[in-house]
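File shown: coords.cif (mmCIF, C-alpha atoms (C1' of nucleotides)).
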data_data
#
loop_
_atom_site.label_atom_id
_atom_site.label_comp_id
_atom_site.auth_asym_id
_atom_site.auth_seq_id
_atom_site.Cartn_x
_atom_site.Cartn_y
_atom_site.Cartn_z
CA MET A 1 0.00 0.00 0.00
CA ILE A 2 1.30 3.42 -0.91
CA THR A 3 0.48 6.99 0.07
CA ILE A 4 -1.25 9.50 -2.15
CA GLY A 5 2.04 11.32 -2.59
CA GLU A 6 3.74 8.18 -3.85
CA LEU A 7 0.83 7.48 -6.16
CA ALA A 8 1.02 10.99 -7.55
CA LYS A 9 4.72 10.61 -8.23
CA ARG A 10 4.29 7.29 -10.00
CA ALA A 11 1.43 8.52 -12.16
CA ASN A 12 3.10 11.83 -12.82
CA CYS A 13 0.36 14.04 -11.49
CA THR A 14 -0.33 16.09 -8.37
CA VAL A 15 -1.93 15.05 -5.10
CA PRO A 16 -4.92 17.41 -5.40
CA THR A 17 -5.55 16.04 -8.87
CA ILE A 18 -5.99 12.55 -7.44
CA ARG A 19 -8.39 13.81 -4.79
CA TYR A 20 -10.22 15.67 -7.54
CA TYR A 21 -10.57 12.49 -9.60
CA GLU A 22 -11.91 10.77 -6.52
CA SER A 23 -14.51 13.49 -6.02
CA MET A 24 -15.51 13.15 -9.68
CA GLY A 25 -15.95 9.40 -9.31
CA LEU A 26 -13.05 8.44 -11.56
CA MET A 27 -10.92 7.06 -8.78
CA PRO A 28 -12.53 4.84 -6.14
CA GLU A 29 -12.65 5.84 -2.51
CA PRO A 30 -9.46 4.17 -1.30
CA GLN A 31 -8.78 2.35 1.93
CA ARG A 32 -7.66 4.47 4.83
CA ARG A 33 -5.07 4.07 7.53
CA GLU A 34 -6.02 4.62 11.14
CA SER A 35 -4.85 8.19 10.74
CA GLY A 36 -7.36 8.72 7.96
CA HIS A 37 -4.64 8.91 5.31
CA ARG A 38 -5.49 7.31 1.97
CA ALA A 39 -3.80 4.00 1.18
CA TYR A 40 -3.57 2.88 -2.44
CA ASP A 41 -2.67 -0.41 -4.06
CA ARG A 42 -1.31 -1.50 -7.41
CA GLY A 43 -4.75 -1.61 -9.02
CA ASP A 44 -5.36 2.00 -8.08
CA LEU A 45 -2.07 2.94 -9.70
CA SER A 46 -3.00 1.18 -12.94
CA ARG A 47 -6.33 2.90 -12.98
CA LEU A 48 -4.81 6.31 -12.39
CA ILE A 49 -2.18 5.78 -15.08
CA LEU A 50 -4.93 4.77 -17.46
CA ILE A 51 -6.84 7.93 -16.65
CA ARG A 52 -3.76 10.09 -17.19
CA ARG A 53 -3.03 8.37 -20.44
CA CYS A 54 -6.54 9.08 -21.68
CA ARG A 55 -6.11 12.70 -20.62
CA ASP A 56 -2.95 12.84 -22.72
CA PHE A 57 -5.28 12.06 -25.60
CA ASP A 58 -7.52 14.93 -24.50
CA MET A 59 -10.28 12.57 -23.65
CA PRO A 60 -12.75 14.42 -21.41
CA LEU A 61 -13.20 13.03 -17.90
CA GLU A 62 -16.80 12.07 -18.59
CA LYS A 63 -15.71 9.94 -21.52
CA ILE A 64 -12.99 8.31 -19.44
CA LYS A 65 -15.59 7.50 -16.83
CA ASP A 66 -17.77 5.84 -19.47
CA LEU A 67 -14.80 3.89 -20.75
CA LEU A 68 -13.85 2.72 -17.26
CA GLU A 69 -17.40 1.62 -16.63
CA MET A 70 -17.40 -0.31 -19.92
CA GLU A 71 -14.23 -2.02 -18.86
CA GLY A 72 -15.81 -5.08 -17.32
CA ASN A 73 -18.55 -5.72 -19.82
CA GLY A 74 -16.87 -7.76 -22.54
CA LYS A 75 -16.21 -5.83 -25.74
CA PRO A 76 -15.27 -2.23 -25.32
CA CYS A 77 -13.17 -2.42 -28.46
CA GLN A 78 -15.58 -1.10 -31.06
CA GLU A 79 -16.37 2.04 -29.18
CA THR A 80 -12.88 2.61 -27.85
CA VAL A 81 -11.26 2.08 -31.21
CA ALA A 82 -13.75 4.39 -32.86
CA PHE A 83 -13.01 7.03 -30.28
CA PHE A 84 -9.29 6.62 -30.76
CA GLU A 85 -9.61 6.93 -34.52
CA THR A 86 -11.45 10.17 -34.00
CA GLN A 87 -8.72 11.33 -31.66
CA ARG A 88 -6.09 10.47 -34.25
CA SER A 89 -7.82 12.64 -36.84
CA ALA A 90 -8.03 15.47 -34.37
CA ILE A 91 -4.38 15.07 -33.50
CA LYS A 92 -3.37 15.18 -37.16
CA ALA A 93 -5.43 18.27 -37.76
CA ARG A 94 -3.93 19.88 -34.72
CA ILE A 95 -0.42 19.09 -35.92
CA THR A 96 -1.17 20.65 -39.29
CA ALA A 97 -2.51 23.76 -37.63
CA LEU A 98 0.48 24.01 -35.34
CA ASN A 99 2.85 23.72 -38.27
CA GLU A 100 1.07 26.57 -40.00
CA LEU A 101 1.25 28.68 -36.89
CA ASP A 102 4.93 27.95 -36.53
CA PHE A 103 5.48 28.99 -40.11
CA THR A 104 3.57 32.22 -39.66
CA LEU A 105 5.50 33.00 -36.49
CA SER A 106 8.77 32.37 -38.30
CA LEU A 107 7.76 34.93 -40.91
CA TYR A 108 7.11 37.56 -38.27
CA VAL A 109 10.33 36.86 -36.46
CA ASN A 110 12.43 36.86 -39.59
CA ARG A 111 10.91 40.05 -40.79
CA CYS A 112 11.57 41.80 -37.51
CA GLN A 113 15.10 40.51 -37.28
CA SER A 114 16.03 41.51 -40.79
CA SER A 115 14.20 44.81 -40.80
CA CYS A 116 13.00 46.87 -37.87
CA MET A 117 15.36 45.39 -35.31
CA GLN A 118 18.27 46.36 -37.57
CA THR A 119 17.21 49.69 -38.92
CA ASP A 120 15.33 51.42 -36.11
CA ASN A 121 12.41 51.87 -38.47
CA GLY A 122 9.03 51.34 -36.89
CA CYS A 123 7.81 47.80 -36.50
CA ASP A 124 4.73 46.78 -38.40
CA ILE A 125 4.26 43.37 -36.81
CA TYR A 126 0.85 44.34 -35.48
CA GLU A 127 -0.35 45.49 -38.86
CA GLN A 128 0.98 42.30 -40.36
CA MET A 129 -0.81 40.17 -37.81
CA ALA A 130 -4.04 42.05 -38.14
CA THR A 131 -4.16 41.87 -41.90
CA ASP A 132 -2.41 38.59 -42.63
CA ILE A 133 -5.44 36.33 -42.76
CA SER A 134 -3.84 33.61 -44.76
CA HIS A 135 -4.90 30.10 -45.59
CA ALA A 136 -3.46 29.13 -42.21
CA ASP A 137 -6.40 30.67 -40.41
CA LYS A 138 -8.89 28.43 -42.01
CA ALA A 139 -6.84 25.38 -41.11
CA VAL A 140 -6.58 26.60 -37.54
CA ALA A 141 -10.19 27.54 -37.29
CA SER A 142 -11.42 24.19 -38.46
CA ALA A 143 -8.89 22.12 -36.54
CA LEU A 144 -9.32 23.49 -33.06
CA MET B 1 -19.89 50.82 -38.96
CA ILE B 2 -20.82 47.19 -38.45
CA THR B 3 -22.79 45.22 -35.88
CA ILE B 4 -21.31 42.89 -33.33
CA GLY B 5 -22.67 39.93 -35.28
CA GLU B 6 -20.89 41.07 -38.42
CA LEU B 7 -17.69 41.65 -36.49
CA ALA B 8 -17.90 38.16 -35.02
CA LYS B 9 -18.34 36.63 -38.46
CA ARG B 10 -15.40 38.53 -39.91
CA ALA B 11 -13.08 37.67 -37.03
CA ASN B 12 -14.30 34.12 -36.88
CA CYS B 13 -15.45 34.15 -33.27
CA THR B 14 -18.73 34.36 -31.37
CA VAL B 15 -20.66 37.41 -30.23
CA PRO B 16 -20.36 36.62 -26.50
CA THR B 17 -16.61 36.24 -26.95
CA ILE B 18 -16.38 39.80 -28.21
CA ARG B 19 -18.40 41.08 -25.26
CA TYR B 20 -16.16 39.03 -23.01
CA TYR B 21 -13.04 40.63 -24.48
CA GLU B 22 -14.62 44.01 -23.90
CA SER B 23 -15.29 43.17 -20.27
CA MET B 24 -11.67 42.05 -19.91
CA GLY B 25 -10.40 45.30 -21.37
CA LEU B 26 -9.00 43.79 -24.56
CA MET B 27 -11.55 45.38 -26.83
CA PRO B 28 -12.48 49.04 -26.31
CA GLU B 29 -15.97 50.08 -25.39
CA PRO B 30 -17.39 50.71 -28.85
CA GLN B 31 -19.69 53.42 -30.05
CA ARG B 32 -23.40 52.76 -29.67
CA ARG B 33 -26.40 53.36 -31.87
CA GLU B 34 -29.42 55.07 -30.43
CA SER B 35 -30.82 51.63 -29.73
CA GLY B 36 -27.81 50.87 -27.54
CA HIS B 37 -26.46 48.33 -30.02
CA ARG B 38 -22.69 48.28 -30.39
CA ALA B 39 -21.24 49.79 -33.58
CA TYR B 40 -17.75 48.79 -34.67
CA ASP B 41 -15.37 50.19 -37.25
CA ARG B 42 -12.45 48.85 -39.27
CA GLY B 43 -9.94 49.51 -36.51
CA ASP B 44 -11.95 47.44 -34.10
CA LEU B 45 -11.95 44.60 -36.60
CA SER B 46 -8.16 44.76 -36.96
CA ARG B 47 -7.73 44.72 -33.24
CA LEU B 48 -10.05 41.76 -32.81
CA ILE B 49 -8.34 39.81 -35.56
CA LEU B 50 -5.01 40.53 -33.92
CA ILE B 51 -6.34 39.23 -30.61
CA ARG B 52 -7.68 36.06 -32.22
CA ARG B 53 -4.41 35.53 -34.01
CA CYS B 54 -2.52 35.77 -30.74
CA ARG B 55 -4.98 33.31 -29.21
CA ASP B 56 -4.20 30.92 -32.05
CA PHE B 57 -0.66 31.03 -30.70
CA ASP B 58 -2.03 30.24 -27.23
CA MET B 59 -0.99 33.58 -25.94
CA PRO B 60 -2.88 34.24 -22.70
CA LEU B 61 -5.25 37.19 -22.69
CA GLU B 62 -3.15 39.04 -20.14
CA LYS B 63 -0.11 38.82 -22.40
CA ILE B 64 -2.14 40.02 -25.36
CA LYS B 65 -3.27 42.96 -23.30
CA ASP B 66 0.34 43.84 -22.49
CA LEU B 67 1.27 43.54 -26.13
CA LEU B 68 -1.60 45.77 -27.22
CA GLU B 69 -0.59 48.34 -24.66
CA MET B 70 3.00 48.24 -25.92
CA GLU B 71 1.76 48.83 -29.42
CA GLY B 72 2.11 52.58 -29.44
CA ASN B 73 5.39 52.95 -27.63
CA GLY B 74 8.04 52.56 -30.32
CA LYS B 75 9.91 49.27 -30.17
CA PRO B 76 7.88 46.29 -29.10
CA CYS B 77 9.98 44.04 -31.31
CA GLN B 78 12.48 42.69 -28.82
CA GLU B 79 9.87 41.52 -26.40
CA THR B 80 7.41 40.34 -29.00
CA VAL B 81 10.00 38.43 -30.96
CA ALA B 82 11.32 36.82 -27.78
CA PHE B 83 7.81 35.75 -26.88
CA PHE B 84 7.22 34.36 -30.34
CA GLU B 85 10.45 32.38 -30.22
CA THR B 86 9.31 30.87 -26.95
CA GLN B 87 5.97 30.04 -28.53
CA ARG B 88 7.73 28.38 -31.44
CA SER B 89 9.65 26.11 -29.09
CA ALA B 90 6.46 25.22 -27.29
CA ILE B 91 4.74 24.51 -30.58
CA LYS B 92 7.53 22.22 -31.68
CA ALA B 93 7.46 20.33 -28.40
CA ARG B 94 3.72 20.02 -28.66
CA ILE B 95 4.00 18.63 -32.17
CA THR B 96 6.51 16.06 -31.01
CA ALA B 97 4.24 15.02 -28.18
CA LEU B 98 1.23 14.78 -30.46
CA ASN B 99 3.16 12.61 -32.89
CA GLU B 100 4.07 10.24 -30.08
CA LEU B 101 0.47 10.10 -28.94
CA ASP B 102 -0.68 9.38 -32.46
CA PHE B 103 1.85 6.59 -32.72
CA THR B 104 0.74 5.07 -29.43
CA LEU B 105 -2.90 5.28 -30.46
CA SER B 106 -2.11 3.58 -33.75
CA LEU B 107 -0.55 0.70 -31.82
CA TYR B 108 -3.69 0.25 -29.74
CA VAL B 109 -5.99 0.43 -32.73
CA ASN B 110 -3.93 -1.97 -34.83
CA ARG B 111 -3.70 -4.41 -32.02
CA CYS B 112 -7.44 -4.40 -31.45
CA GLN B 113 -8.22 -4.65 -35.13
CA SER B 114 -5.88 -7.56 -35.74
CA SER B 115 -6.61 -9.39 -32.51
CA CYS B 116 -9.59 -9.06 -30.22
CA MET B 117 -11.94 -7.54 -32.78
CA GLN B 118 -11.28 -10.56 -35.03
CA THR B 119 -11.11 -13.39 -32.58
CA ASP B 120 -13.65 -12.59 -29.88
CA ASN B 121 -10.91 -12.98 -27.32
CA GLY B 122 -10.99 -10.46 -24.51
CA CYS B 123 -9.54 -7.05 -25.16
CA ASP B 124 -6.50 -6.01 -23.19
CA ILE B 125 -6.38 -2.41 -24.31
CA TYR B 126 -6.86 -1.17 -20.78
CA GLU B 127 -4.03 -3.29 -19.45
CA GLN B 128 -1.88 -2.09 -22.30
CA MET B 129 -2.65 1.53 -21.59
CA ALA B 130 -2.13 1.16 -17.89
CA THR B 131 1.24 -0.53 -18.19
CA ASP B 132 2.63 0.97 -21.38
CA ILE B 133 4.65 3.80 -19.89
CA SER B 134 6.93 4.25 -22.83
CA HIS B 135 9.36 6.96 -23.73
CA ALA B 136 6.39 8.84 -25.14
CA ASP B 137 5.14 9.69 -21.67
CA LYS B 138 8.21 11.59 -20.74
CA ALA B 139 8.00 13.60 -23.93
CA VAL B 140 4.36 14.31 -23.26
CA ALA B 141 4.89 15.13 -19.64
CA SER B 142 7.61 17.65 -20.33
CA ALA B 143 6.01 19.17 -23.40
CA LEU B 144 2.57 20.04 -22.07
"C1'" DT C 1 11.54 13.14 24.41
"C1'" DG C 2 10.86 17.09 22.01
"C1'" DT C 3 10.80 19.67 17.79
"C1'" DG C 4 10.84 20.72 13.38
"C1'" DC C 5 9.41 19.86 8.75
"C1'" DA C 6 7.32 17.36 5.15
"C1'" DT C 7 3.03 15.09 4.21
"C1'" DC C 8 -1.50 14.30 4.99
"C1'" DC C 9 -6.65 15.85 5.82
"C1'" DT C 10 -11.19 18.65 4.44
"C1'" DA C 11 -13.82 22.29 2.53
"C1'" DA C 12 -14.08 26.14 -0.13
"C1'" DA C 13 -12.63 29.45 -3.32
"C1'" DG C 14 -9.94 30.72 -7.43
"C1'" DT C 15 -8.37 30.16 -12.51
"C1'" DA C 16 -8.72 30.68 -17.79
"C1'" DA C 17 -11.39 31.54 -21.46
"C1'" DC C 18 -15.26 31.14 -22.64
"C1'" DT C 19 -20.39 29.45 -23.07
"C1'" DT C 20 -25.05 29.30 -21.57
"C1'" DT C 21 -29.19 31.02 -19.56
"C1'" DA C 22 -32.72 34.22 -18.26
"C1'" DG C 23 -35.33 37.93 -19.20
"C1'" DG C 24 -35.98 41.65 -22.05
"C1'" DT C 25 -35.60 45.45 -26.38
"C1'" DG C 26 -35.15 46.73 -31.46
"C1'" DC C 27 -36.12 46.12 -36.16
"C1'" DA C 28 -37.27 44.32 -40.82
"C1'" DA C 29 -40.42 41.29 -43.54
"C1'" DG C 30 -44.83 39.19 -44.59
"C1'" DC D 1 -49.16 43.60 -36.55
"C1'" DT D 2 -46.89 39.87 -35.35
"C1'" DT D 3 -43.23 36.74 -36.07
"C1'" DG D 4 -38.59 35.94 -35.71
"C1'" DC D 5 -33.92 37.17 -35.57
"C1'" DA D 6 -30.23 40.04 -33.69
"C1'" DC D 7 -29.20 42.66 -30.00
"C1'" DC D 8 -28.93 44.01 -24.79
"C1'" DT D 9 -27.38 43.00 -19.56
"C1'" DA D 10 -26.26 40.31 -15.64
"C1'" DA D 11 -25.33 36.15 -13.71
"C1'" DA D 12 -24.36 31.46 -13.52
"C1'" DG D 13 -22.22 27.35 -15.62
"C1'" DT D 14 -18.22 24.68 -17.80
"C1'" DT D 15 -13.70 21.88 -17.63
"C1'" DA D 16 -10.00 20.32 -15.31
"C1'" DC D 17 -7.70 21.61 -12.26
"C1'" DT D 18 -4.92 24.66 -8.65
"C1'" DT D 19 -4.71 27.33 -4.54
"C1'" DT D 20 -5.78 28.59 0.08
"C1'" DA D 21 -7.02 28.11 4.88
"C1'" DG D 22 -6.71 25.77 8.93
"C1'" DG D 23 -5.55 21.70 11.06
"C1'" DA D 24 -3.70 16.70 12.12
"C1'" DT D 25 0.01 13.12 11.36
"C1'" DG D 26 4.44 10.95 10.65
"C1'" DC D 27 9.19 10.73 10.83
"C1'" DA D 28 14.07 11.93 11.31
"C1'" DC D 29 17.29 14.15 14.24
"C1'" DA D 30 19.25 16.33 18.66
#
As structure tokens, the full file:
Amino acid sequence: MITIGELAKRANCTVPTIRYYESMGLMPEPQRRESGHRAYDRGDLSRLILIRRCRDFDMPLEKIKDLLEMEGNGKPCQETVAFFETQRSAIKARITALNELDFTLSLYVNRCQSSCMQTDNGCDIYEQMATDISHADKAVASAL
Amino acid sequence: MITIGELAKRANCTVPTIRYYESMGLMPEPQRRESGHRAYDRGDLSRLILIRRCRDFDMPLEKIKDLLEMEGNGKPCQETVAFFETQRSAIKARITALNELDFTLSLYVNRCQSSCMQTDNGCDIYEQMATDISHADKAVASAL
DNA sequence: TGTGCATCCTAAAGTAACTTTAGGTGCAAG
DNA sequence: CTTGCACCTAAAGTTACTTTAGGATGCACA
């Protein structure tokens, strides 16, 4: 049996986060020591790691709850796989959008470095940003 | 002069978002018609688009506010460029993390599709997720 | 045995960036 | 003239946490 602090360390999250998951019904109410301190076992750790992993995929807590409740009942695969495929699409779209943003940022930075930061002319980065509604925006808008 | 609905459409955001920005001091209090309806001009549109663009870069509203306040005072470049460089690093890290997540998801999906979804054996996706603490996790943990 | 100091407890409030709701006004078209 | 859409304000709700307040516990060290 391990403490909540240990559990947090091993699952790479904070102590209040674990208590929060408990209050939301994602983590079970654990056993307690005489002192009242929570005592967790290996199963709790697995469950918490699973939750964190799903959160890495931006799965909302409600969905994770559903998934965890499905866990016992035979064939969660169809639904889980479908959800994961959806997540993969979202991830790809997000990557595309981020690449576009990175490109746009590089333009701004380069322009500043080669122009206004050298010459003491005024900087027009704000005008650029406000007017530069490129194809990137549509990608971003639809992906996020 | 355009309505708030028009402005929202052109800046690709919602009407309440604009009112929210106003309440946060990012958008100025606009002129009003006799009816009390807000009336915006071209400058307001530029400003809003600039704000949205910064939000695309995940710049927090407070930072955007600072930037907008710097706008008049000569040389915002140094600070802005530094911020953008930081954002670019964050974006790159995020892309790396997302690629790892996508890869991990593809493993799960492939495994289900070639195994339990074919054979009616039980699905071990949850066990996989709970135990598979690969190198990806560290990347994710540090990038987000 | 005391005495710090980290860790634990609960309950409640705060955070970011919006969205949603409730209850009402203005305006153009049929 | 009434139907329906866009607008108004103020307040509460959302998600996934984090932070704070005010105590209790556990453990190493003198």
Legend entry - Selection under test: the PyMOL selection byres ((chain C) within 12 of (chain A)); residues as a PyMOL selection string: chain C and resi 6-10
File dump, residues just selected, C-alpha atoms (C1' of nucleotides), as a PDB file, in the frame of the given file:
ATOM      1  C1'  DA C   6       7.320  17.360   5.150  1.00  0.00           C
ATOM      2  C1'  DT C   7       3.030  15.090   4.210  1.00  0.00           C
ATOM      3  C1'  DC C   8      -1.500  14.300   4.990  1.00  0.00           C
ATOM      4  C1'  DC C   9      -6.650  15.850   5.820  1.00  0.00           C
ATOM      5  C1'  DT C  10     -11.190  18.650   4.440  1.00  0.00           C
TER       6       DT C  10
END
Inset, instruction - Would you work out the distance separating atom CA of Ser46 of chain B from atom C1' of DA16 of chain C, expressed in Å to one decimal? - result: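 According to the coordinates, atom CA of Ser46 of chain B and atom C1' of DA16 of chain C are separated by 23.8 Å.
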Counting all atoms listed in the file, give me one row per residue of chain D with an atom at most 8 Å from an atom of chain A, showing the shortest contact pair and its distance in Å to one decimal, sorted by chain then residue number, as CSV.
residue,atom,partner,partner_atom,distance
D:DC17,C1',A:Thr17,CA,6.9
D:DT18,C1',A:Pro16,CA,7.9
D:DT25,C1',A:Ser35,CA,7.0
For chain A versus chain B, which residues have an atom no more than 6 Å away, and what is each residue's nearest atom pair and distance in Å rounded to one decimal, using only C-alpha atoms, chain-then-number order, as CSV?
residue,atom,partner,partner_atom,distance
A:Ser46,CA,B:Ala130,CA,5.0
A:Ile49,CA,B:Ala130,CA,5.4
A:Leu50,CA,B:Ala130,CA,4.6
A:Val81,CA,B:Val109,CA,5.7
A:Arg88,CA,B:Asp102,CA,5.8
A:Ile95,CA,B:Ile95,CA,5.8
A:Asp102,CA,B:Arg88,CA,5.8
A:Val109,CA,B:Val81,CA,5.7
A:Met129,CA,B:Leu50,CA,5.7
A:Ala130,CA,B:Leu50,CA,4.6
Please write the residues from the selection above to a file, keeping C-alpha atoms, as a PDB file, in the coordinates of the input.
ATOM      1  CA  SER A  46      -3.000   1.180 -12.940  1.00  0.00           C
ATOM      2  CA  ILE A  49      -2.180   5.780 -15.080  1.00  0.00           C
ATOM      3  CA  LEU A  50      -4.930   4.770 -17.460  1.00  0.00           C
ATOM      4  CA  VAL A  81     -11.260   2.080 -31.210  1.00  0.00           C
ATOM      5  CA  ARG A  88      -6.090  10.470 -34.250  1.00  0.00           C
ATOM      6  CA  ILE A  95      -0.420  19.090 -35.920  1.00  0.00           C
ATOM      7  CA  ASP A 102       4.930  27.950 -36.530  1.00  0.00           C
ATOM      8  CA  VAL A 109      10.330  36.860 -36.460  1.00  0.00           C
ATOM      9  CA  MET A 129      -0.810  40.170 -37.810  1.00  0.00           C
ATOM     10  CA  ALA A 130      -4.040  42.050 -38.140  1.00  0.00           C
TER      11      ALA A 130
END
Inset, instruction - Run the PyMOL selection byres ((chain C and resi 12) around 10) on the file and write out the hits as an MDAnalysis selection string. - result: (chainID C and resid 10:11 13:14) or (chainID D and resid 20:21)
Inset, instruction - State, in Å with one decimal place, the distance from atom C1' of DC29 of chain D to atom CA of Tyr40 of chain A. - result: 29.0 Å
Inset, instruction - Work out how far apart atom CA of Leu26 of chain A and atom CA of Glu100 of chain B are and give it in Å to one decimal. - result: 25.3 Å
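Residues lying within 8 Å of segment 7-14 of chain D, counting all atoms listed in the file and ignoring same-chain neighbours fewer than 2 positions away, are Gly36 and His37 of chain B; DT19, DT20, DT21, DG24, DT25 and DG26 of chain C.
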Please identify all polymer residues within 12 Å of DG4 of chain D, counting only C-alpha atoms (C1' of nucleotides), omitting same-chain residues fewer than 4 positions from it, and present them as an mmCIF file with C-alpha atoms (C1' of nucleotides), in the coordinates of the input.
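Result file part38.cif:
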data_model
loop_
_atom_site.group_PDB
_atom_site.id
_atom_site.type_symbol
_atom_site.label_atom_id
_atom_site.label_comp_id
_atom_site.auth_asym_id
_atom_site.auth_seq_id
_atom_site.Cartn_x
_atom_site.Cartn_y
_atom_site.Cartn_z
ATOM 1 C "C1'" DC C 27 -36.120 46.120 -36.160
ATOM 2 C "C1'" DA C 28 -37.270 44.320 -40.820
ATOM 3 C "C1'" DA C 29 -40.420 41.290 -43.540
ATOM 4 C "C1'" DG C 30 -44.830 39.190 -44.590
#
Give me the box for segment 88-92 of chain A as JSON, namely the centre and edge lengths in Å to one decimal of a box along x, y and z that holds every listed atom plus 3 Å on each side.
{"center_x": -5.7, "center_y": 13.0, "center_z": -35.3, "size_x": 10.7, "size_y": 11.0, "size_z": 9.7}
Inset, instruction - Could you check which of A:Asp44, A:Met24, A:Gln31, A:Ser114 is closest to DT15 of chain D, using all atoms listed in the file? - result: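 Nearest to DT15 of chain D: A:Met24.
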All heavy atoms for segment 10-16 of chain A, written as an mmCIF file, keeping the file's coordinate frame, could you do that?
data_model
loop_
_atom_site.group_PDB
_atom_site.id
_atom_site.type_symbol
_atom_site.label_atom_id
_atom_site.label_comp_id
_atom_site.auth_asym_id
_atom_site.auth_seq_id
_atom_site.Cartn_x
_atom_site.Cartn_y
_atom_site.Cartn_z
ATOM 1 N N ARG A 10 4.220 8.395 -9.037
ATOM 2 C CA ARG A 10 4.290 7.290 -10.000
ATOM 3 C C ARG A 10 3.391 7.517 -11.214
ATOM 4 O O ARG A 10 3.655 6.988 -12.289
ATOM 5 C CB ARG A 10 3.913 5.971 -9.323
ATOM 6 C CG ARG A 10 4.885 5.626 -8.225
ATOM 7 C CD ARG A 10 4.864 4.171 -7.853
ATOM 8 N NE ARG A 10 5.545 3.988 -6.568
ATOM 9 C CZ ARG A 10 5.527 2.872 -5.863
ATOM 10 N NH1 ARG A 10 4.857 1.827 -6.316
ATOM 11 N NH2 ARG A 10 6.177 2.799 -4.719
ATOM 12 N N ALA A 11 2.327 8.268 -11.025
ATOM 13 C CA ALA A 11 1.430 8.520 -12.160
ATOM 14 C C ALA A 11 1.714 9.870 -12.797
ATOM 15 O O ALA A 11 1.018 10.289 -13.722
ATOM 16 C CB ALA A 11 -0.024 8.460 -11.694
ATOM 17 N N ASN A 12 2.714 10.549 -12.265
ATOM 18 C CA ASN A 12 3.100 11.830 -12.820
ATOM 19 C C ASN A 12 1.969 12.851 -12.818
ATOM 20 O O ASN A 12 1.630 13.444 -13.836
ATOM 21 C CB ASN A 12 3.638 11.622 -14.251
ATOM 22 C CG ASN A 12 4.351 12.845 -14.773
ATOM 23 O OD1 ASN A 12 4.860 13.650 -13.997
ATOM 24 N ND2 ASN A 12 4.383 12.987 -16.079
ATOM 25 N N CYS A 13 1.362 12.990 -11.640
ATOM 26 C CA CYS A 13 0.360 14.040 -11.490
ATOM 27 C C CYS A 13 0.458 14.594 -10.067
ATOM 28 O O CYS A 13 1.339 14.192 -9.317
ATOM 29 C CB CYS A 13 -1.040 13.505 -11.788
ATOM 30 S SG CYS A 13 -1.688 12.385 -10.547
ATOM 31 N N THR A 14 -0.415 15.505 -9.711
ATOM 32 C CA THR A 14 -0.330 16.090 -8.370
ATOM 33 C C THR A 14 -1.306 15.412 -7.416
ATOM 34 O O THR A 14 -2.253 14.740 -7.839
ATOM 35 C CB THR A 14 -0.663 17.598 -8.392
ATOM 36 O OG1 THR A 14 -2.052 17.757 -8.656
ATOM 37 C CG2 THR A 14 0.156 18.336 -9.446
ATOM 38 N N VAL A 15 -1.064 15.612 -6.136
ATOM 39 C CA VAL A 15 -1.930 15.050 -5.100
ATOM 40 C C VAL A 15 -3.355 15.588 -5.193
ATOM 41 O O VAL A 15 -4.308 14.796 -5.184
ATOM 42 C CB VAL A 15 -1.311 15.286 -3.702
ATOM 43 C CG1 VAL A 15 -2.312 14.986 -2.599
ATOM 44 C CG2 VAL A 15 -0.041 14.453 -3.534
ATOM 45 N N PRO A 16 -3.537 16.900 -5.287
ATOM 46 C CA PRO A 16 -4.920 17.410 -5.400
ATOM 47 C C PRO A 16 -5.645 16.854 -6.623
ATOM 48 O O PRO A 16 -6.863 16.685 -6.587
ATOM 49 C CB PRO A 16 -4.728 18.919 -5.523
ATOM 50 C CG PRO A 16 -3.436 19.200 -4.877
ATOM 51 C CD PRO A 16 -2.570 18.019 -5.159
#
